[in-house]
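**Q** Contents of my_file-v8.cif (mmCIF, C-alpha atoms and all ligand atoms):
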```
data_entry
#
loop_
_atom_site.label_atom_id
_atom_site.label_comp_id
_atom_site.auth_asym_id
_atom_site.auth_seq_id
_atom_site.Cartn_x
_atom_site.Cartn_y
_atom_site.Cartn_z
CA MET L 19 -11.21 -24.92 9.19
CA ASN L 20 -9.17 -26.90 6.66
CA SER L 21 -11.28 -26.47 3.56
CA GLY L 22 -9.20 -28.98 1.57
CA THR L 23 -10.58 -31.89 3.62
CA GLN L 24 -14.22 -30.82 3.52
CA PRO L 25 -16.90 -32.71 1.62
CA SER L 26 -17.44 -31.58 -1.96
CA CYS L 27 -20.13 -29.01 -2.66
CA ALA L 28 -21.68 -31.59 -5.00
CA ASP L 29 -23.07 -33.30 -1.87
CA GLU L 30 -26.73 -34.19 -2.50
CA ASP L 31 -28.26 -32.99 0.76
CA ILE L 32 -27.18 -29.40 0.49
CA ASP L 33 -27.52 -26.73 -2.19
CA VAL L 34 -24.62 -24.30 -2.46
CA SER L 35 -25.90 -22.56 -5.60
CA VAL L 36 -26.86 -18.89 -5.32
CA GLN L 37 -28.48 -16.18 -7.45
CA VAL L 38 -26.75 -12.82 -7.48
CA GLY L 39 -28.69 -10.08 -9.25
CA GLY L 40 -30.14 -12.57 -11.73
CA ILE L 41 -26.89 -14.48 -12.29
CA GLN L 42 -27.15 -18.14 -11.32
CA MET L 43 -23.92 -19.39 -9.69
CA ARG L 44 -22.90 -22.96 -8.81
CA THR L 45 -21.25 -21.78 -5.61
CA PRO L 46 -21.27 -18.52 -3.63
CA VAL L 47 -17.52 -18.04 -4.22
CA MET L 48 -16.41 -15.70 -6.99
CA THR L 49 -12.95 -14.33 -7.78
CA ALA L 50 -12.25 -10.67 -6.94
CA SER L 51 -11.29 -8.34 -9.77
CA GLY L 52 -7.59 -7.83 -10.37
CA THR L 53 -6.51 -10.95 -8.52
CA PHE L 54 -7.42 -13.58 -11.11
CA GLY L 55 -6.30 -11.99 -14.37
CA TYR L 56 -8.90 -12.49 -17.10
CA GLY L 57 -9.37 -16.21 -16.40
CA PRO L 58 -6.99 -18.09 -18.74
CA GLU L 59 -4.02 -17.34 -16.46
CA TYR L 60 -5.56 -19.63 -13.81
CA ALA L 61 -7.05 -22.28 -16.11
CA SER L 62 -4.24 -24.81 -15.57
CA LEU L 63 -4.18 -24.18 -11.80
CA THR L 64 -7.82 -24.53 -10.78
CA ASP L 65 -11.15 -25.73 -12.21
CA LEU L 66 -12.75 -22.53 -13.51
CA GLU L 67 -16.15 -24.25 -13.83
CA ARG L 68 -16.25 -24.77 -10.06
CA LEU L 69 -16.21 -21.02 -9.41
CA GLY L 70 -19.36 -19.02 -8.71
CA ALA L 71 -18.25 -16.43 -11.26
CA ILE L 72 -15.05 -14.98 -12.70
CA VAL L 73 -14.75 -11.23 -12.17
CA VAL L 74 -12.06 -10.01 -14.54
CA LYS L 75 -9.49 -7.25 -14.05
CA GLY L 76 -10.80 -3.69 -14.54
CA ILE L 77 -11.51 -2.71 -18.17
CA ALA L 78 -11.68 0.84 -19.57
CA VAL L 79 -12.49 2.33 -22.98
CA HIS L 80 -8.84 2.66 -23.99
CA PRO L 81 -5.78 0.53 -23.20
CA THR L 82 -3.66 1.86 -20.32
CA ARG L 83 -0.26 0.87 -18.93
CA GLY L 84 -0.91 1.36 -15.22
CA ASN L 85 1.53 2.81 -12.69
CA PRO L 86 5.33 2.52 -12.67
CA THR L 87 6.89 -0.18 -10.47
CA ALA L 88 7.18 -0.98 -7.58
CA ARG L 89 3.45 -1.64 -7.72
CA THR L 90 3.09 -4.09 -4.83
CA CYS L 91 4.68 -4.68 -1.46
CA GLU L 92 3.91 -6.94 1.46
CA THR L 93 3.02 -5.51 4.86
CA SER L 94 2.82 -7.42 8.13
CA CYS L 95 -0.69 -8.77 7.52
CA GLY L 96 -1.74 -7.58 4.11
CA LEU L 97 -0.73 -6.71 0.56
CA LEU L 98 -0.30 -3.10 -0.54
CA ASN L 99 -0.78 -2.41 -4.25
CA ALA L 100 -0.92 0.50 -6.65
CA ILE L 101 -1.17 -1.33 -9.96
CA GLY L 102 -3.07 1.58 -11.51
CA LEU L 103 -5.53 -0.42 -13.61
CA PRO L 104 -3.44 -1.44 -16.66
CA ASN L 105 -5.81 -2.93 -19.21
CA PRO L 106 -6.08 -3.88 -22.89
CA GLY L 107 -9.09 -1.58 -23.47
CA VAL L 108 -12.60 -2.88 -23.98
CA ASN L 109 -12.08 -3.96 -27.62
CA GLY L 110 -8.77 -5.63 -26.76
CA PHE L 111 -10.44 -7.47 -23.88
CA VAL L 112 -13.31 -8.72 -26.03
CA GLU L 113 -11.01 -9.86 -28.86
CA THR L 114 -8.29 -11.41 -26.71
CA TYR L 115 -10.12 -12.97 -23.79
CA MET L 116 -13.79 -13.53 -24.61
CA PRO L 117 -13.18 -16.38 -27.12
CA PHE L 118 -11.56 -18.33 -24.26
CA LEU L 119 -14.09 -17.29 -21.61
CA ARG L 120 -17.05 -18.22 -23.84
CA GLN L 121 -15.85 -21.83 -23.83
CA VAL L 122 -15.86 -22.04 -20.04
CA ASP L 123 -19.17 -22.80 -18.33
CA VAL L 124 -18.94 -20.07 -15.68
CA PRO L 125 -20.56 -16.62 -15.45
CA VAL L 126 -18.24 -13.81 -16.51
CA ILE L 127 -18.53 -10.43 -14.79
CA VAL L 128 -16.49 -7.57 -16.22
CA ASN L 129 -15.13 -4.98 -13.80
CA ILE L 130 -15.31 -1.59 -15.55
CA TRP L 131 -13.81 1.82 -14.81
CA GLY L 132 -13.48 5.24 -16.39
CA LYS L 133 -12.23 8.76 -15.81
CA THR L 134 -15.60 10.33 -16.66
CA VAL L 135 -19.24 9.23 -16.53
CA ALA L 136 -19.19 9.15 -20.34
CA GLU L 137 -16.28 6.68 -20.29
CA TYR L 138 -18.15 4.34 -17.93
CA GLU L 139 -21.16 4.56 -20.25
CA GLU L 140 -19.01 3.80 -23.27
CA VAL L 141 -17.48 0.63 -21.77
CA ALA L 142 -20.89 -0.53 -20.57
CA HIS L 143 -22.37 0.12 -24.01
CA ARG L 144 -19.64 -1.82 -25.81
CA LEU L 145 -19.99 -4.83 -23.48
CA ASP L 146 -23.81 -4.86 -23.49
CA ASP L 147 -24.28 -7.33 -26.36
CA VAL L 148 -21.01 -9.22 -26.07
CA GLN L 149 -21.88 -12.91 -25.94
CA GLY L 150 -20.71 -14.54 -22.71
CA VAL L 151 -20.63 -11.42 -20.54
CA ARG L 152 -23.25 -11.73 -17.75
CA GLY L 153 -22.63 -8.70 -15.59
CA LEU L 154 -20.73 -5.47 -15.01
CA GLU L 155 -19.07 -4.67 -11.72
CA ILE L 156 -18.64 -0.89 -11.60
CA ASN L 157 -15.29 -0.01 -10.06
CA VAL L 158 -15.92 3.38 -8.50
CA SER L 159 -13.44 2.72 -5.77
CA CYS L 160 -9.89 2.18 -7.02
CA PRO L 161 -7.59 4.27 -4.80
CA ASN L 162 -4.69 4.02 -7.26
CA ILE L 163 -5.53 6.25 -10.20
CA LYS L 164 -5.35 10.00 -9.99
CA GLU L 165 -8.52 10.93 -11.89
CA GLY L 166 -12.10 9.75 -11.71
CA SER L 167 -12.52 6.33 -10.22
CA ALA L 168 -11.79 6.92 -6.54
CA LEU L 169 -13.86 10.10 -6.44
CA PHE L 170 -16.90 8.34 -7.91
CA GLY L 171 -16.80 6.01 -4.93
CA THR L 172 -16.58 8.59 -2.17
CA ASP L 173 -18.85 11.38 -3.46
CA LEU L 174 -22.48 10.26 -3.16
CA ASP L 175 -23.77 12.43 -6.03
CA MET L 176 -21.06 11.28 -8.41
CA PHE L 177 -21.66 7.68 -7.33
CA LYS L 178 -25.37 8.02 -8.18
CA ARG L 179 -24.56 9.64 -11.53
CA VAL L 180 -22.25 6.87 -12.66
CA THR L 181 -24.51 4.07 -11.40
CA ASN L 182 -27.56 5.58 -13.08
CA ALA L 183 -25.64 6.09 -16.32
CA VAL L 184 -24.42 2.49 -16.46
CA ARG L 185 -27.86 1.18 -15.49
CA LYS L 186 -29.51 3.08 -18.34
CA THR L 187 -26.89 1.87 -20.83
CA THR L 188 -27.05 -1.88 -20.25
CA ASN L 189 -29.37 -4.81 -19.67
CA LEU L 190 -26.56 -6.78 -18.03
CA THR L 191 -26.51 -7.33 -14.27
CA VAL L 192 -25.08 -4.15 -12.71
CA ILE L 193 -22.99 -4.42 -9.53
CA PRO L 194 -21.44 -1.19 -8.18
CA LYS L 195 -18.38 -1.94 -6.05
CA LEU L 196 -18.35 0.27 -2.98
CA ALA L 197 -15.35 2.06 -1.51
CA PRO L 198 -14.60 1.38 2.17
CA ASN L 199 -13.39 4.90 2.99
CA VAL L 200 -16.76 6.64 3.33
CA SER L 201 -18.46 7.82 6.48
CA ASP L 202 -21.84 6.22 5.76
CA ILE L 203 -21.65 2.97 3.77
CA ALA L 204 -25.42 2.42 4.13
CA ALA L 205 -26.06 5.64 2.17
CA PHE L 206 -23.98 4.35 -0.75
CA ALA L 207 -25.63 0.92 -0.62
CA LYS L 208 -29.07 2.54 -0.66
CA ALA L 209 -28.08 4.90 -3.48
CA ALA L 210 -26.95 1.91 -5.55
CA GLU L 211 -30.27 0.18 -4.97
CA ASP L 212 -32.26 3.33 -5.76
CA SER L 213 -30.25 3.78 -8.96
CA GLY L 214 -31.33 0.37 -10.23
CA ALA L 215 -28.28 -1.74 -9.33
CA ASP L 216 -28.99 -5.49 -9.23
CA ALA L 217 -26.45 -6.13 -6.46
CA ILE L 218 -23.54 -4.42 -4.75
CA SER L 219 -20.06 -5.65 -3.91
CA LEU L 220 -17.73 -4.46 -1.17
CA ILE L 221 -15.06 -3.71 -0.21
CA ASN L 222 -12.34 -2.49 -2.52
CA SER L 223 -8.85 -2.00 -1.07
CA ILE L 224 -8.29 0.51 1.75
CA PRO L 225 -6.03 3.51 1.00
CA ALA L 226 -2.73 2.94 2.85
CA LEU L 227 1.00 3.76 2.94
CA ALA L 228 4.23 1.82 3.56
CA ILE L 229 7.62 3.56 4.00
CA ASP L 230 11.16 2.27 3.42
CA VAL L 231 12.98 3.72 6.43
CA GLU L 232 16.43 3.40 4.75
CA THR L 233 15.48 5.65 1.84
CA ARG L 234 12.63 7.42 3.67
CA ARG L 235 10.60 6.98 0.50
CA PRO L 236 7.23 5.29 0.04
CA ARG L 237 7.71 1.63 -0.83
CA LEU L 238 5.37 1.98 -3.80
CA ALA L 239 6.32 4.19 -6.77
CA ASN L 240 2.82 5.67 -6.65
CA GLY L 241 3.33 6.75 -3.04
CA THR L 242 0.16 5.39 -1.49
CA GLY L 243 -1.67 2.21 -2.44
CA GLY L 244 -4.59 0.00 -1.46
CA LEU L 245 -4.35 -2.49 1.40
CA THR L 246 -5.91 -5.95 0.94
CA GLY L 247 -5.73 -9.36 2.58
CA PRO L 248 -6.24 -10.56 6.18
CA ALA L 249 -5.65 -7.09 7.68
CA ILE L 250 -8.86 -5.72 6.16
CA LYS L 251 -11.26 -8.59 6.91
CA PRO L 252 -12.83 -7.28 10.14
CA ILE L 253 -13.30 -3.84 8.54
CA ALA L 254 -14.88 -5.39 5.45
CA LEU L 255 -17.13 -7.58 7.57
CA LYS L 256 -18.52 -4.61 9.48
CA LEU L 257 -19.12 -2.63 6.29
CA VAL L 258 -20.83 -5.61 4.60
CA TRP L 259 -23.05 -6.06 7.64
CA GLU L 260 -24.03 -2.37 7.60
CA ALA L 261 -24.61 -2.32 3.83
CA ALA L 262 -26.60 -5.56 3.82
CA SER L 263 -28.80 -4.24 6.63
CA ALA L 264 -29.67 -1.20 4.49
CA VAL L 265 -30.74 -2.85 1.19
CA ARG L 266 -32.76 -5.70 -0.26
CA ILE L 267 -30.49 -6.35 -3.27
CA PRO L 268 -27.80 -9.04 -2.87
CA VAL L 269 -24.43 -8.09 -1.42
CA VAL L 270 -21.13 -9.64 -2.51
CA GLY L 271 -18.72 -9.66 0.44
CA ILE L 272 -15.03 -9.04 -0.29
CA GLY L 273 -12.01 -8.45 1.93
CA GLY L 274 -9.40 -10.77 3.37
CA ILE L 275 -11.23 -14.02 2.68
CA PHE L 276 -8.65 -16.82 2.89
CA THR L 277 -10.64 -19.70 4.41
CA ALA L 278 -14.13 -21.15 4.33
CA GLU L 279 -14.64 -19.83 7.85
CA ASP L 280 -13.86 -16.29 6.62
CA ALA L 281 -16.43 -16.73 3.84
CA VAL L 282 -19.09 -18.07 6.23
CA GLU L 283 -18.57 -15.00 8.43
CA PHE L 284 -19.45 -12.78 5.46
CA LEU L 285 -22.56 -14.86 4.65
CA ILE L 286 -23.72 -14.62 8.27
CA ALA L 287 -23.10 -10.85 8.16
CA GLY L 288 -25.51 -10.60 5.21
CA ALA L 289 -23.53 -11.29 2.03
CA SER L 290 -25.31 -13.51 -0.50
CA ALA L 291 -21.98 -14.44 -2.09
CA VAL L 292 -18.30 -13.65 -1.59
CA ALA L 293 -15.30 -12.88 -3.76
CA VAL L 294 -11.78 -14.09 -3.01
CA GLY L 295 -8.91 -11.73 -3.86
CA THR L 296 -5.40 -11.69 -2.37
CA ALA L 297 -5.74 -15.37 -1.36
CA ASN L 298 -5.51 -16.30 -5.07
CA PHE L 299 -1.88 -15.14 -5.06
CA VAL L 300 -1.08 -17.52 -2.21
CA ASN L 301 -3.21 -20.44 -3.36
CA PRO L 302 -4.66 -20.41 -6.90
CA ARG L 303 -7.23 -23.02 -5.81
CA ALA L 304 -8.42 -20.89 -2.89
CA ALA L 305 -11.89 -20.10 -4.27
CA GLU L 306 -12.59 -23.72 -5.14
CA GLU L 307 -11.40 -24.96 -1.75
CA ILE L 308 -13.38 -22.29 0.09
CA ALA L 309 -16.55 -23.41 -1.72
CA ASP L 310 -15.91 -26.99 -0.57
CA GLY L 311 -15.29 -25.73 2.95
CA ILE L 312 -18.61 -23.85 2.95
CA ALA L 313 -20.32 -27.09 1.94
CA GLY L 314 -18.59 -28.84 4.84
CA TYR L 315 -19.76 -26.17 7.26
CA MET L 316 -23.34 -26.49 5.97
CA ILE L 317 -23.33 -30.27 6.43
CA ARG L 318 -21.92 -29.99 9.96
CA HIS L 319 -24.49 -27.37 10.93
CA GLY L 320 -27.52 -28.86 9.14
CA VAL L 321 -27.83 -25.90 6.77
CA LYS L 322 -29.52 -26.94 3.52
CA ARG L 323 -29.27 -23.74 1.44
CA VAL L 324 -26.73 -20.92 1.43
CA SER L 325 -29.61 -18.47 1.74
CA ASP L 326 -30.41 -19.98 5.17
CA LEU L 327 -27.05 -18.66 6.36
CA VAL L 328 -27.27 -15.22 4.76
CA GLY L 329 -27.87 -12.49 7.33
CA SER L 330 -28.24 -15.01 10.19
CA LEU L 331 -26.10 -13.03 12.64
CA LYS L 332 -27.47 -13.37 16.18
CA GLN L 333 -27.34 -10.21 18.28
C1 LIG G 401 -3.27 -6.60 -7.20
C2 LIG G 401 -4.70 -6.17 -7.06
C3 LIG G 401 -5.38 -5.64 -8.16
C4 LIG G 401 -6.71 -5.24 -8.04
N1 LIG G 401 -7.37 -4.75 -9.14
C5 LIG G 401 -8.68 -4.39 -9.03
C6 LIG G 401 -9.41 -3.94 -10.17
O1 LIG G 401 -8.91 -3.90 -11.30
N2 LIG G 401 -10.70 -3.54 -9.98
C7 LIG G 401 -11.31 -3.61 -8.76
O2 LIG G 401 -12.49 -3.25 -8.63
N3 LIG G 401 -10.66 -4.08 -7.68
C8 LIG G 401 -9.37 -4.47 -7.79
N4 LIG G 401 -8.71 -4.96 -6.69
C9 LIG G 401 -9.43 -5.09 -5.38
C10 LIG G 401 -9.96 -6.52 -5.17
O3 LIG G 401 -10.88 -6.89 -6.16
C11 LIG G 401 -10.59 -6.65 -3.77
O4 LIG G 401 -11.66 -5.75 -3.67
C12 LIG G 401 -9.59 -6.37 -2.67
O5 LIG G 401 -8.36 -6.98 -2.99
C13 LIG G 401 -10.06 -6.87 -1.30
O6 LIG G 401 -10.17 -8.29 -1.29
P1 LIG G 401 -9.00 -9.26 -0.71
O7 LIG G 401 -8.63 -8.74 0.63
O8 LIG G 401 -9.61 -10.61 -0.70
O9 LIG G 401 -7.86 -9.17 -1.67
C14 LIG G 401 -7.38 -5.38 -6.79
C15 LIG G 401 -6.69 -5.92 -5.69
C16 LIG G 401 -5.38 -6.34 -5.82
C17 LIG G 401 -4.68 -6.94 -4.62
#
```
Show me, as structure tokens, the structure contained in the file I just sent.
Ligand SMILES: Cc1cc2nc3c(=O)[nH]c(=O)nc-3n(C[C@H](O)[C@H](O)[C@H](O)COP(=O)(O)O)c2cc1C
**A**
Amino acid sequence: MNSGTQPSCADEDIDVSVQVGGIQMRTPVMTASGTFGYGPEYASLTDLERLGAIVVKGIAVHPTRGNPTARTCETSCGLLNAIGLPNPGVNGFVETYMPFLRQVDVPVIVNIWGKTVAEYEEVAHRLDDVQGVRGLEINVSCPNIKEGSALFGTDLDMFKRVTNAVRKTTNLTVIPKLAPNVSDIAAFAKAAEDSGADAISLINSIPALAIDVETRRPRLANGTGGLTGPAIKPIALKLVWEAASAVRIPVVGIGGIFTAEDAVEFLIAGASAVAVGTANFVNPRAAEEIADGIAGYMIRHGVKRVSDLVGSLKQ
């Protein structure tokens, strides 16, 4: 499916807008955290107001530098990264990036992380009344930092604790982002719903390793990293399908989405919206073009609303 030649999603006969946990979006295509900077980096490359939402890079209480380089390497069908969540800290983010983001007519969702439950609470608290912020995506699933985050995503009790804590701290839309490396994704999806989450997103990157055979060392300075891109799409699709079957709250599907057809697969599997990650590095207009391609698919198949596609998998 060549999304670039598809009809525009402004076509009158179809409605590509969606609601995700109370956030109204013009299209079902968001950007995935960590692959789109904080927004301004992409402003000259794509029309930010044609995105469903911008999900910014992970933000913590304090500024951090991230991992030493090499932080990324290509594998045969995916990208391996161990960036380690460098960030300007919540105050730095609000001062540096929110003045720009407030001028753009697009929902802003802030991806947050911490090393303790108290740190998650603190970031959520500080963002709660920041004008222009619509939602918080809770990153409990980054495989690339040594403390906290990854464990919150794989231990059900810790996952509930952090989700509950953020929920109680904020009135913003709360979207826990699930880790793929758990034995029962439905249990995590259900726990998010029971803890008051407005939606869930999945998947984060999959823990992985690449080795330089000349040096016999890992290709990333961190040792292991997180795999993203086309390699993970079928895994993500299955997990999204299982999670969406277990809950009533909206699901944001993430993982290897490069084309409109990829995105439509996620909608059929049960996602109410999708987020585009690694594809942004290849084509900065990917999210916009994928939204147009979804519109084209809907026209060709006589689908009037995105919600008519969601969860329409035939068995
Ligand atoms: C370079 C890079 C940085 C990322 N940073 C974050 C982050 O800060 N927070 C987060 O929750 N996910 C982060 N992710 C994960 C993505 O948001 C997404 O879940 C993952 O890349 C899978 O989607 P994709 O295959 O479309 O890239 C990052 C991914 C990449 C490739």
**Q** Of the candidates L:Val36, L:Val122, L:Val79, L:Leu98, which one gets nearest to Leu245 of chain L if we count all atoms listed in the file?
**A**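 Answer, going by the shortest atom-to-atom distance: L:Leu98.
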**Q** Could you report the residues within 7 Å of ligand LIG 401 (chain G), using all atoms listed in the file, as a short mmCIF file (atom, residue, chain, number, x, y, z; two decimals) with C-alpha atoms, keeping the file's coordinate frame?
**A**
```
data_model
loop_
_atom_site.label_atom_id
_atom_site.label_comp_id
_atom_site.auth_asym_id
_atom_site.auth_seq_id
_atom_site.Cartn_x
_atom_site.Cartn_y
_atom_site.Cartn_z
CA ALA L 50 -12.25 -10.67 -6.94
CA SER L 51 -11.29 -8.34 -9.77
CA GLY L 52 -7.59 -7.83 -10.37
CA THR L 53 -6.51 -10.95 -8.52
CA LYS L 75 -9.49 -7.25 -14.05
CA GLY L 76 -10.80 -3.69 -14.54
CA LEU L 97 -0.73 -6.71 0.56
CA ASN L 99 -0.78 -2.41 -4.25
CA ILE L 101 -1.17 -1.33 -9.96
CA LEU L 103 -5.53 -0.42 -13.61
CA ASN L 129 -15.13 -4.98 -13.80
CA ASN L 157 -15.29 -0.01 -10.06
CA SER L 159 -13.44 2.72 -5.77
CA CYS L 160 -9.89 2.18 -7.02
CA LYS L 195 -18.38 -1.94 -6.05
CA LEU L 220 -17.73 -4.46 -1.17
CA ILE L 221 -15.06 -3.71 -0.21
CA ASN L 222 -12.34 -2.49 -2.52
CA SER L 223 -8.85 -2.00 -1.07
CA THR L 246 -5.91 -5.95 0.94
CA GLY L 247 -5.73 -9.36 2.58
CA PRO L 248 -6.24 -10.56 6.18
CA ILE L 250 -8.86 -5.72 6.16
CA LYS L 251 -11.26 -8.59 6.91
CA ILE L 272 -15.03 -9.04 -0.29
CA GLY L 273 -12.01 -8.45 1.93
CA GLY L 274 -9.40 -10.77 3.37
CA ILE L 275 -11.23 -14.02 2.68
CA ALA L 293 -15.30 -12.88 -3.76
CA VAL L 294 -11.78 -14.09 -3.01
CA GLY L 295 -8.91 -11.73 -3.86
CA THR L 296 -5.40 -11.69 -2.37
CA ALA L 297 -5.74 -15.37 -1.36
#
```
**Q** Taking 5 positions as the minimum chain separation for residues in the same chain, which residues sit within 12 Å of Gly150 of chain L when counting only C-alpha atoms? Answer as JSON, numbers by chain.
**A** {"L": [71, 72, 112, 115, 116, 117, 118, 119, 120, 121, 122, 123, 124, 125, 126, 127, 128, 145, 190]}
**Q** If you count all atoms listed in the file, which residues fall within 12 Å of Val108 of chain L, apart from same-chain ones fewer than 4 positions away, as a PyMOL selection string?
**A** chain L and resi 74-82+104+112-116+128-132+137-146+148
**Q** For Ala287 of chain L, which residue out of L:Ala207, L:Met176, L:Ile267, L:Ala254 is the nearest one, using all atoms listed in the file?
**A**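 Checking each of L:Ala207, L:Met176, L:Ile267, L:Ala254 against Ala287 of chain L, counting all atoms listed in the file, the winner is L:Ala254.
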**Q** To one decimal in Å, tell me the separation between atom CA of Val269 of chain L and atom CA of Thr191 of chain L.
**A** 13.0 Å
**Q** Around the point (-24.5, -8.6, 7.2), in the coordinates given by the file, pick out the residues reaching within 9 Å, counting all atoms listed in the file, and return them as a list in words.
**A** Leu255, Lys256, Leu257, Val258, Trp259, Glu260, Ala261, Ala262, Ser263, Val269, Gly271, Glu283, Phe284, Leu285, Ile286, Ala287, Gly288, Ala289, Val328, Gly329, Ser330 and Leu331 of chain L
**Q** So which residues are close to (-20.9, 8.4, -3.1), meaning at most 9 Å away in the file's coordinates with all atoms listed in the file counted, and can you show them as a list in words?
**A**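 With a cut-off of 9 Å, the residues come to Val158, Leu169, Phe170, Gly171, Thr172, Asp173, Leu174, Asp175, Met176, Phe177, Lys178, Leu196, Ala197, Val200, Ile203, Ala205, Phe206 and Ala209 of chain L.
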**Q** With distances taken over all atoms listed in the file, which residue among L:Gly96, L:Pro106, L:Gly39, L:Gly153 lies nearest Ile224 of chain L?
**A**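 Closest residue, counting all atoms listed in the file: L:Gly96.
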**Q** Just give me the gap between atom CA of Arg68 of chain L and atom CA of His319 of chain L in Å, one decimal is fine.
**A**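 Between these atoms lies a distance of 22.7 Å.
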**Q** L:Gln37, L:Thr233, L:Thr277, L:Ser290: which is nearest Ala304 of chain L, counting only C-alpha atoms?
**A**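 When distances to Ala304 of chain L are compared using only C-alpha atoms, the smallest one comes from L:Thr277.
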**Q** Choose the residue, out of L:Gln42, L:Thr90, L:Asn301, L:Asn199, that has the smallest atom-to-atom separation from Thr242 of chain L; count all atoms listed in the file.
**A**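 The answer is L:Thr90, which sits nearest to Thr242 of chain L.
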**Q** Report the distance between atom CA of Ile156 of chain L and atom CA of Ala215 of chain L in Å, rounded to one decimal place.
**A**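 Atom CA of Ile156 of chain L sits 9.9 Å away from atom CA of Ala215 of chain L.
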